[in-house]
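Dropping start.cif in here (mmCIF, C-alpha atoms):
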data_structure
loop_
_atom_site.label_atom_id
_atom_site.label_comp_id
_atom_site.auth_asym_id
_atom_site.auth_seq_id
_atom_site.Cartn_x
_atom_site.Cartn_y
_atom_site.Cartn_z
CA MET A 1 47.83 21.29 -5.22
CA LEU A 2 45.37 18.40 -5.11
CA THR A 3 42.83 20.55 -3.25
CA VAL A 4 42.05 22.77 -6.27
CA PRO A 5 41.03 19.93 -8.68
CA MET A 6 39.06 18.29 -5.86
CA ILE A 7 37.16 21.55 -5.29
CA LEU A 8 36.43 21.85 -9.01
CA ALA A 9 35.34 18.20 -9.32
CA SER A 10 33.04 18.35 -6.29
CA TRP A 11 31.54 21.69 -7.38
CA ILE A 12 30.73 20.40 -10.87
CA LEU A 13 29.05 17.30 -9.44
CA VAL A 14 27.29 18.42 -6.27
CA GLY A 15 28.12 22.04 -5.51
CA LEU A 16 30.68 23.36 -3.07
CA PRO A 17 30.62 21.19 0.09
CA PHE A 18 33.22 21.43 2.85
CA PRO A 19 35.36 19.68 3.73
CA VAL A 20 35.82 18.67 0.11
CA PHE A 21 37.56 15.35 0.62
CA ILE A 22 34.87 14.09 3.03
CA ALA A 23 32.11 15.13 0.62
CA VAL A 24 33.70 13.31 -2.33
CA ALA A 25 34.31 10.19 -0.22
CA ALA A 26 30.68 10.22 0.97
CA LEU A 27 29.52 10.60 -2.63
CA ILE A 28 31.55 7.57 -3.74
CA LEU A 29 30.29 5.44 -0.84
CA CYS A 30 26.67 6.49 -1.46
CA SER A 31 26.98 5.68 -5.17
CA ALA A 32 28.39 2.24 -4.37
CA ALA A 33 25.51 1.58 -1.97
CA ILE A 34 22.96 2.62 -4.61
CA LEU A 35 24.43 0.15 -7.11
CA ARG A 36 24.30 -2.78 -4.70
CA CYS A 37 21.12 -2.34 -2.64
CA ARG A 38 17.57 -3.60 -3.26
CA LEU A 39 14.97 -1.56 -5.14
CA ASN A 40 13.21 -0.04 -2.13
CA HIS A 41 16.50 0.84 -0.46
CA LYS A 42 17.82 2.21 -3.75
CA THR A 43 14.87 4.60 -3.92
CA VAL A 44 15.65 5.86 -0.42
CA ALA A 45 19.35 6.25 -1.26
CA LEU A 46 18.61 8.23 -4.44
CA LEU A 47 16.06 10.43 -2.66
CA GLY A 48 18.54 10.95 0.16
CA LEU A 49 21.33 11.98 -2.19
CA MET A 50 18.99 14.32 -4.05
CA GLY A 51 17.74 15.71 -0.74
CA LEU A 52 21.27 16.36 0.53
CA MET A 53 22.12 18.24 -2.64
CA GLY A 54 18.91 20.25 -2.39
CA ALA A 55 19.54 21.00 1.28
CA GLN A 56 22.99 22.23 0.37
CA SER A 57 21.51 24.79 -2.04
CA VAL A 58 19.07 25.97 0.62
CA ILE A 59 21.85 26.24 3.20
CA ILE A 60 24.00 28.27 0.80
CA VAL A 61 21.15 30.77 0.32
CA LEU A 62 20.44 30.96 4.06
CA ILE A 63 24.11 31.47 4.92
CA ALA A 64 24.43 34.25 2.36
CA HIS A 65 21.39 36.07 3.72
CA PHE A 66 21.86 35.62 7.47
CA GLN A 67 25.58 35.15 8.07
CA PRO A 68 28.64 36.08 5.98
CA TRP A 69 30.32 33.01 4.53
CA ARG A 70 33.88 32.29 5.66
CA PRO A 71 36.08 29.77 3.83
CA PRO A 72 37.99 27.17 5.86
CA ALA A 73 41.07 28.52 7.61
CA ASN A 74 43.47 26.32 5.62
CA PHE A 75 42.38 27.89 2.31
CA ASN A 76 44.70 30.55 0.91
CA GLY A 77 45.96 31.90 -2.40
CA THR A 78 44.41 30.18 -5.43
CA THR A 79 42.29 27.88 -3.29
CA LEU A 80 40.78 30.80 -1.38
CA TRP A 81 40.07 32.80 -4.55
CA LEU A 82 38.52 29.78 -6.28
CA SER A 83 36.32 28.87 -3.31
CA GLN A 84 35.04 32.45 -3.03
CA LEU A 85 34.30 32.61 -6.76
CA LEU A 86 32.47 29.27 -6.79
CA PHE A 87 30.50 30.15 -3.65
CA GLY A 88 29.27 33.31 -5.34
CA LEU A 89 28.26 31.33 -8.41
CA ASP A 90 26.60 28.68 -6.25
CA LEU A 91 24.59 31.34 -4.46
CA ARG A 92 23.15 32.86 -7.65
CA LEU A 93 22.50 29.47 -9.28
CA ALA A 94 20.91 28.14 -6.10
CA GLU A 95 18.55 31.12 -5.91
CA ILE A 96 17.50 30.70 -9.55
CA GLY A 97 17.16 26.93 -9.21
CA ILE A 98 15.10 26.99 -6.01
CA LEU A 99 12.67 29.49 -7.52
CA ALA A 100 12.41 27.45 -10.76
CA GLY A 101 11.93 24.19 -8.82
CA ILE A 102 9.12 25.67 -6.75
CA CYS A 103 7.41 26.96 -9.90
CA VAL A 104 7.71 23.61 -11.71
CA GLY A 105 6.43 21.65 -8.70
CA ALA A 106 3.50 24.04 -8.30
CA TYR A 107 2.67 23.80 -12.02
CA ILE A 108 2.68 19.98 -11.99
CA GLU A 109 0.62 19.76 -8.81
CA PHE A 110 -1.90 22.57 -9.32
CA VAL A 111 -2.12 23.09 -13.09
CA HIS A 112 -1.09 19.99 -15.07
CA SER A 113 -2.90 17.57 -12.75
CA ARG A 114 -6.14 19.50 -13.33
CA LEU A 115 -6.07 19.08 -17.12
CA ASN A 116 -8.27 16.49 -18.77
CA LEU A 117 -6.80 13.76 -20.98
CA SER A 118 -7.38 15.62 -24.24
CA GLN A 119 -5.60 18.70 -22.91
CA ALA A 120 -2.70 16.72 -21.43
CA PHE A 121 -2.23 14.60 -24.57
CA PRO A 122 -3.67 16.63 -27.49
CA SER A 123 -2.20 14.34 -30.16
CA LEU A 124 -4.04 11.25 -28.86
CA THR A 125 -7.67 10.20 -29.11
CA PHE A 126 -9.27 8.54 -26.07
CA PHE A 127 -12.55 6.75 -25.44
CA GLU A 128 -13.97 5.13 -22.33
CA GLU A 129 -13.80 1.45 -21.54
CA THR A 130 -16.66 -0.24 -19.65
CA GLY A 131 -15.98 -3.94 -20.31
CA ASP A 132 -13.45 -6.51 -19.09
CA LEU A 133 -10.74 -3.93 -18.44
CA ASP A 134 -12.89 -2.20 -15.84
CA ARG A 135 -13.52 -5.48 -14.06
CA SER A 136 -9.82 -6.38 -14.13
CA ALA A 137 -8.94 -2.92 -12.85
CA LYS A 138 -11.35 -3.19 -9.91
CA LYS A 139 -9.95 -6.61 -9.00
CA LEU A 140 -6.34 -5.35 -9.12
CA ALA A 141 -7.21 -2.16 -7.21
CA THR A 142 -8.77 -4.26 -4.44
CA LYS A 143 -5.61 -6.37 -4.22
CA ALA A 144 -3.45 -3.24 -4.22
CA ASN A 145 -5.68 -1.63 -1.58
CA ILE A 146 -6.17 1.57 -3.58
CA ASP A 147 -9.12 3.36 -5.16
CA CYS A 148 -9.77 2.07 -8.66
CA PRO A 149 -8.49 4.49 -11.32
CA GLU A 150 -10.47 5.34 -14.43
CA ILE A 151 -9.74 3.14 -17.46
CA CYS A 152 -9.77 4.36 -21.05
CA LEU A 153 -8.51 3.26 -24.44
CA ILE A 154 -6.16 5.03 -26.86
CA ASP A 155 -7.11 5.00 -30.52
CA SER A 156 -3.73 3.71 -31.67
CA GLY A 157 -2.44 0.51 -33.24
CA ALA A 158 0.84 0.73 -31.30
CA PRO A 159 0.94 -1.51 -28.20
CA CYS A 160 1.42 0.92 -25.33
CA ALA A 161 0.05 1.82 -21.91
CA PHE A 162 0.50 4.56 -19.36
CA ALA A 163 -0.94 5.93 -16.13
CA THR A 164 -1.49 9.63 -15.60
CA ARG A 165 -3.09 12.03 -13.16
CA THR A 166 -5.71 14.29 -14.73
CA ARG A 167 -8.62 16.18 -13.22
CA ARG A 168 -7.04 15.33 -9.86
CA LYS A 169 -7.79 11.64 -10.51
CA TYR A 170 -5.68 8.73 -11.71
CA THR A 171 -6.34 7.29 -15.16
CA ILE A 172 -4.83 4.27 -16.90
CA ALA A 173 -4.87 4.25 -20.69
CA LEU A 174 -4.16 1.25 -22.89
CA SER A 175 -4.00 1.29 -26.66
CA VAL A 176 -6.33 -0.65 -28.94
CA GLY A 177 -3.22 -2.18 -30.51
CA LEU A 178 -2.19 -3.63 -27.16
CA LEU A 179 -5.61 -5.24 -26.64
CA GLU A 180 -5.62 -6.71 -30.14
CA SER A 181 -2.11 -8.18 -30.07
CA PHE A 182 -1.86 -9.38 -26.43
CA GLU A 183 -3.44 -12.28 -24.58
CA PRO A 184 -5.84 -11.39 -21.73
CA ALA A 185 -3.26 -12.36 -19.08
CA GLU A 186 -0.65 -10.13 -20.76
CA VAL A 187 -3.10 -7.21 -20.91
CA GLU A 188 -3.80 -7.69 -17.21
CA ALA A 189 -0.04 -7.66 -16.55
CA CYS A 190 0.30 -4.32 -18.37
CA LEU A 191 -2.66 -2.98 -16.39
CA ALA A 192 -1.09 -4.23 -13.15
CA HIS A 193 2.19 -2.48 -13.98
CA GLU A 194 0.43 0.87 -14.35
CA MET A 195 -1.66 0.16 -11.24
CA ALA A 196 1.60 -0.47 -9.37
CA HIS A 197 2.78 3.07 -10.13
CA ILE A 198 -0.33 4.38 -8.37
CA LYS A 199 0.04 1.98 -5.43
CA ASN A 200 3.71 2.94 -5.01
CA ARG A 201 2.84 6.68 -5.09
CA ASP A 202 5.20 7.27 -7.97
CA PHE A 203 3.42 10.39 -9.17
CA SER A 204 4.10 12.32 -5.97
CA LEU A 205 7.68 11.04 -5.81
CA ARG A 206 8.30 11.93 -9.47
CA THR A 207 6.99 15.45 -8.90
CA LEU A 208 9.34 15.83 -5.93
CA VAL A 209 12.38 14.48 -7.80
CA THR A 210 11.66 16.49 -10.96
CA ALA A 211 11.21 19.73 -9.02
CA THR A 212 14.42 19.04 -7.11
CA ARG A 213 16.32 18.31 -10.31
CA ILE A 214 15.12 21.63 -11.74
CA ALA A 215 16.29 23.33 -8.55
CA LEU A 216 19.69 21.62 -8.99
CA PHE A 217 19.95 22.39 -12.71
CA ALA A 218 23.55 23.55 -12.32
CA LYS A 219 24.66 20.31 -10.62
CA VAL A 220 25.72 17.67 -13.13
CA LEU A 221 24.98 14.77 -10.80
CA SER A 222 21.27 15.66 -10.66
CA TYR A 223 20.94 14.80 -14.37
CA PHE A 224 21.96 11.22 -13.55
CA ILE A 225 20.05 10.86 -10.27
CA GLU A 226 16.63 11.74 -11.72
CA PRO A 227 16.61 9.08 -14.50
CA ALA A 228 18.16 6.54 -12.11
CA PHE A 229 15.23 7.18 -9.76
CA TYR A 230 12.74 6.70 -12.61
CA ARG A 231 14.41 3.44 -13.67
CA THR A 232 14.30 2.16 -10.10
CA ARG A 233 10.58 2.93 -9.82
CA GLU A 234 9.89 1.16 -13.14
CA LEU A 235 11.61 -1.98 -11.88
CA LEU A 236 9.71 -1.73 -8.60
CA ALA A 237 6.44 -1.37 -10.55
CA ASP A 238 7.31 -4.56 -12.47
CA ARG A 239 7.90 -6.41 -9.20
CA THR A 240 4.71 -5.04 -7.63
CA ALA A 241 2.71 -5.95 -10.74
CA ALA A 242 4.02 -9.53 -10.66
CA LEU A 243 2.93 -9.83 -7.03
CA LEU A 244 -0.52 -8.39 -7.82
CA ILE A 245 -1.23 -10.89 -10.60
CA GLY A 246 0.44 -13.78 -8.78
CA SER A 247 3.21 -14.54 -11.26
CA PRO A 248 5.92 -12.72 -13.23
CA ASP A 249 5.32 -14.86 -16.34
CA PRO A 250 2.51 -12.78 -17.99
CA LEU A 251 4.55 -9.59 -17.61
CA ILE A 252 7.66 -11.29 -18.99
CA SER A 253 5.59 -12.47 -21.96
CA ALA A 254 4.16 -8.98 -22.49
CA LEU A 255 7.59 -7.35 -22.35
CA THR A 256 8.99 -9.93 -24.76
CA LYS A 257 6.20 -9.23 -27.23
CA LEU A 258 6.79 -5.50 -26.93
CA GLY A 259 10.45 -6.03 -27.65
CA GLU A 260 9.67 -8.07 -30.75
CA ALA A 261 6.92 -5.76 -32.03
CA ASP A 262 7.71 -3.76 -35.14
CA THR A 263 4.38 -1.90 -35.15
CA LEU A 264 5.40 0.66 -32.53
CA ASP A 265 4.87 4.23 -33.66
CA ASP A 266 8.09 6.12 -34.21
CA THR A 267 6.64 9.42 -32.97
CA PRO A 268 8.00 11.17 -29.86
CA THR A 269 4.56 11.00 -28.23
CA ALA A 270 4.33 7.23 -28.65
CA LYS A 271 7.83 6.73 -27.27
CA ALA A 272 7.10 8.98 -24.30
CA ILE A 273 3.95 7.14 -23.19
CA CYS A 274 5.11 3.57 -23.69
CA PHE A 275 5.83 1.74 -20.47
CA PHE A 276 8.91 0.00 -21.82
CA ASP A 277 12.21 0.71 -23.53
CA ALA A 278 12.88 -2.06 -26.02
CA ARG A 279 16.19 -0.79 -27.28
CA LYS A 280 19.56 -0.50 -25.60
CA THR A 281 21.10 2.90 -26.17
CA ALA A 282 24.44 4.57 -25.64
CA PHE A 283 22.78 6.93 -23.15
CA GLU A 284 21.18 4.46 -20.75
CA LEU A 285 22.38 6.46 -17.74
CA LEU A 286 20.12 9.30 -18.93
CA SER A 287 17.16 7.06 -19.86
CA LYS A 288 14.13 7.08 -17.56
CA HIS A 289 13.22 3.50 -18.48
CA PRO A 290 15.41 0.44 -17.87
CA ASN A 291 16.13 -1.56 -20.99
CA LEU A 292 14.02 -4.58 -21.79
CA SER A 293 16.63 -7.22 -20.94
CA THR A 294 17.15 -5.72 -17.45
CA ARG A 295 13.43 -5.79 -16.72
CA ILE A 296 12.98 -9.38 -17.89
CA ARG A 297 16.06 -10.55 -15.98
CA MET A 298 14.80 -8.93 -12.77
CA LEU A 299 11.41 -10.61 -13.13
CA ARG A 300 12.98 -14.03 -13.78
CA GLU A 301 15.16 -13.65 -10.70
CA MET A 302 12.22 -12.88 -8.41
CA ASP A 303 12.22 -15.31 -5.49
CA ASP A 304 8.95 -14.13 -3.90
CA PHE A 305 6.97 -16.90 -5.64
CA ASP A 306 9.48 -19.65 -4.91
CA ASN A 307 8.98 -19.02 -1.19
CA ALA A 308 5.18 -18.86 -1.42
#
Show me, as structure tokens, the structure contained in the file I just sent.
Amino acid sequence: MLTVPMILASWILVGLPFPVFIAVAALILCSAAILRCRLNHKTVALLGLMGLMGAQSVIIVLIAHFQPWRPPANFNGTTLWLSQLLFGLDLRLAEIGILAGICVGAYIEFVHSRLNLSQAFPSLTFFEETGDLDRSAKKLATKANIDCPEICLIDSGAPCAFATRTRRKYTIALSVGLLESFEPAEVEACLAHEMAHIKNRDFSLRTLVTATRIALFAKVLSYFIEPAFYRTRELLADRTAALLIGSPDPLISALTKLGEADTLDDTPTAKAICFFDARKTAFELLSKHPNLSTRIRMLREMDDFDNA
């Protein structure tokens, strides 16, 4: 009787793998590894888990089209009927998801990345920066061994920053409010954080993970893997930024100020583009940004500089 609830639980989380008990055990072990491993390894583990789930959907479609599916020999009665029903559902959902994932990935890569800043963020006003920020950006880009992105300012009093890919080029935008309320070293730390996303190729990885999550829209676990991946990349960007500027202290100071700031716009757009999450929420597992205390603690625990 235990087989039926195990089939239901595994199908809700990851689809309909066989044998069920081995799949659930592997899922538990993989989840434990993700919680304990370092940031780079955690990225690989999350991508691997997402990839396995995506491969399962592809395999289900291929099996259905090229070879009739046969349930395991030990399935009979209710178990057999349930497995056949869920396989049929998996097949239809996998077909819809794969098509949707391909469309979303193609849109991000070939349409959204070709927009200019005004088209991508119509509610914001941008203007070019040709002063100290450009010089800092060139210095950081040289250290990061990447092409220097374009730098622009956001006409906003809220302290925020983000990196984006528009017109097939990378752009980093920082708000006027951030420049006015932060010290030069803190501004450079914010710039380094966004530069780190480019160095770590987060845009390509995010496109891959987002498209895969769309393809796995019927799998509950995918809704937790995607934000976990984003949080991991944010923490990795913090670490990379600290290495680029030579110390975690300016970034810690910047994050602390952001947490204390009460001038942050309360609009959805402002929240979406800010590179931090100052508040702890009841839905942190679904948040794409780690909370402020986690980020500061990780930076304070960095041992790269102690060994230098």
- prompt: From the list A:Glu180, A:Glu95, A:Asp132, A:Asp147, which residue is nearest Lys199 in chain A when using all atoms listed in the file?
  reply: A:Asp147
Considering all atoms listed in the file, give me a table of residues in range 217-254 of chain A that are at most 8 Å from range 285-296 of chain A, with the closest atom pair and distance in Å for each, as CSV.
residue,atom,partner,partner_atom,distance
A:Tyr223,CA,A:Leu286,CA,7.2
A:Phe224,CA,A:Leu286,CA,6.0
A:Glu226,CA,A:Lys288,CA,7.9
A:Pro227,CA,A:Lys288,CA,4.4
A:Ala228,CA,A:Lys288,CA,6.8
A:Phe229,CA,A:Lys288,CA,7.9
A:Tyr230,CA,A:Lys288,CA,5.2
A:Arg231,CA,A:His289,CA,5.0
A:Glu234,CA,A:His289,CA,6.7
A:Leu235,CA,A:Arg295,CA,6.4
A:Asp238,CA,A:Arg295,CA,7.6
A:Ile252,CA,A:Ile296,CA,5.8
field: For Thr256 in chain A, the nearest of the candidates A:Phe182, A:Ala120, A:Val44, A:Gln84, counting all atoms listed in the file
entry: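 Going through A:Phe182, A:Ala120, A:Val44, A:Gln84 one by one, the smallest distance to Thr256 in chain A is for A:Phe182.
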- prompt: Mind pulling up the distance from CA of Ile151 in chain A to CA of Tyr170 in chain A?
  reply: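 For CA of Tyr170 in chain A relative to CA of Ile151 in chain A, the distance reads 9.0 Å.
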Between CA of Pro159 in chain A and CA of Glu194 in chain A - distance in Å to one decimal: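 Pair CA of Glu194 in chain A / CA of Pro159 in chain A returns 14.1 Å.
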- request: Using the chain letters and numbers from the file, give me the residues hit by the PyMOL selection byres ((chain A and resi 177) around 12), as a VMD selection string.
  value: chain A and resid 153 to 161 173 to 176 178 to 183 187 258 261 to 265
Applied to the shown file, which residues does the PyMOL selection byres ((chain A and resi 90) around 12) return, written as a PDB file with C-alpha atoms, in the coordinates of the input?
ATOM      1  CA  TRP A  11      31.540  21.690  -7.380  1.00  0.00           C
ATOM      2  CA  ILE A  12      30.730  20.400 -10.870  1.00  0.00           C
ATOM      3  CA  VAL A  14      27.290  18.420  -6.270  1.00  0.00           C
ATOM      4  CA  GLY A  15      28.120  22.040  -5.510  1.00  0.00           C
ATOM      5  CA  LEU A  16      30.680  23.360  -3.070  1.00  0.00           C
ATOM      6  CA  PRO A  17      30.620  21.190   0.090  1.00  0.00           C
ATOM      7  CA  MET A  53      22.120  18.240  -2.640  1.00  0.00           C
ATOM      8  CA  GLN A  56      22.990  22.230   0.370  1.00  0.00           C
ATOM      9  CA  SER A  57      21.510  24.790  -2.040  1.00  0.00           C
ATOM     10  CA  VAL A  58      19.070  25.970   0.620  1.00  0.00           C
ATOM     11  CA  ILE A  59      21.850  26.240   3.200  1.00  0.00           C
ATOM     12  CA  ILE A  60      24.000  28.270   0.800  1.00  0.00           C
ATOM     13  CA  VAL A  61      21.150  30.770   0.320  1.00  0.00           C
ATOM     14  CA  ILE A  63      24.110  31.470   4.920  1.00  0.00           C
ATOM     15  CA  ALA A  64      24.430  34.250   2.360  1.00  0.00           C
ATOM     16  CA  LEU A  82      38.520  29.780  -6.280  1.00  0.00           C
ATOM     17  CA  SER A  83      36.320  28.870  -3.310  1.00  0.00           C
ATOM     18  CA  GLN A  84      35.040  32.450  -3.030  1.00  0.00           C
ATOM     19  CA  LEU A  85      34.300  32.610  -6.760  1.00  0.00           C
ATOM     20  CA  LEU A  86      32.470  29.270  -6.790  1.00  0.00           C
ATOM     21  CA  PHE A  87      30.500  30.150  -3.650  1.00  0.00           C
ATOM     22  CA  GLY A  88      29.270  33.310  -5.340  1.00  0.00           C
ATOM     23  CA  LEU A  89      28.260  31.330  -8.410  1.00  0.00           C
ATOM     24  CA  LEU A  91      24.590  31.340  -4.460  1.00  0.00           C
ATOM     25  CA  ARG A  92      23.150  32.860  -7.650  1.00  0.00           C
ATOM     26  CA  LEU A  93      22.500  29.470  -9.280  1.00  0.00           C
ATOM     27  CA  ALA A  94      20.910  28.140  -6.100  1.00  0.00           C
ATOM     28  CA  GLU A  95      18.550  31.120  -5.910  1.00  0.00           C
ATOM     29  CA  ILE A  96      17.500  30.700  -9.550  1.00  0.00           C
ATOM     30  CA  GLY A  97      17.160  26.930  -9.210  1.00  0.00           C
ATOM     31  CA  ILE A  98      15.100  26.990  -6.010  1.00  0.00           C
ATOM     32  CA  ALA A 215      16.290  23.330  -8.550  1.00  0.00           C
ATOM     33  CA  LEU A 216      19.690  21.620  -8.990  1.00  0.00           C
ATOM     34  CA  PHE A 217      19.950  22.390 -12.710  1.00  0.00           C
ATOM     35  CA  ALA A 218      23.550  23.550 -12.320  1.00  0.00           C
ATOM     36  CA  LYS A 219      24.660  20.310 -10.620  1.00  0.00           C
TER      37      LYS A 219
END
- prompt: In Å, how far is it from CA of Ser222 in chain A to CA of Leu52 in chain A?
  reply: 11.2 Å
- request: Give as a list in words the residues that the PyMOL selection byres ((chain A and resi 242) around 10) matches when applied to the coordinates above.
  value: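 On the file shown, the PyMOL selection byres ((chain A and resi 242) around 10) covers Ala189, Ala192, His193, Ala196, Leu236, Ala237, Asp238, Arg239, Thr240, Ala241, Leu243, Leu244, Ile245, Gly246, Ser247, Pro248, Asp249, Pro250, Leu251, Ile252, Leu299, Met302, Asp304 and Phe305 of chain A.
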message: For a quick check of understanding, using all atoms listed in the file, which of A:Thr212, A:Thr232, A:Thr166, A:Thr78 has the smallest distance to Leu49 in chain A?
response: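 Of A:Thr212, A:Thr232, A:Thr166, A:Thr78, the one nearest Leu49 in chain A is A:Thr212, counting all atoms listed in the file.
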Build an axis-aligned box that encloses every atom of range 112-120 of chain A listed in the file, pad it by 8 Å on each side, and report its centre and edge lengths in Å to one decimal, as JSON.
{"center_x": -4.7, "center_y": 16.9, "center_z": -18.5, "size_x": 23.2, "size_y": 22.2, "size_z": 27.5}
- request: Choose the residue, out of A:Glu129, A:Ile214, A:Leu255, A:Asn200, that has the smallest atom-to-atom separation from Leu99 in chain A; count only C-alpha atoms.
  value: A:Ile214
field: Pick from A:Lys42, A:His197, A:Arg165, A:Met50, whichever lies nearest to Glu109 in chain A using only C-alpha atoms
entry: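 Once distances to Glu109 in chain A are computed over only C-alpha atoms, the minimum belongs to A:Arg165.
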field: Given only C-alpha atoms as the counted atoms, nearest of A:Ser123, A:Ser253, A:Asn40, A:Ser204 to Ala185 in chain A
entry: A:Ser253
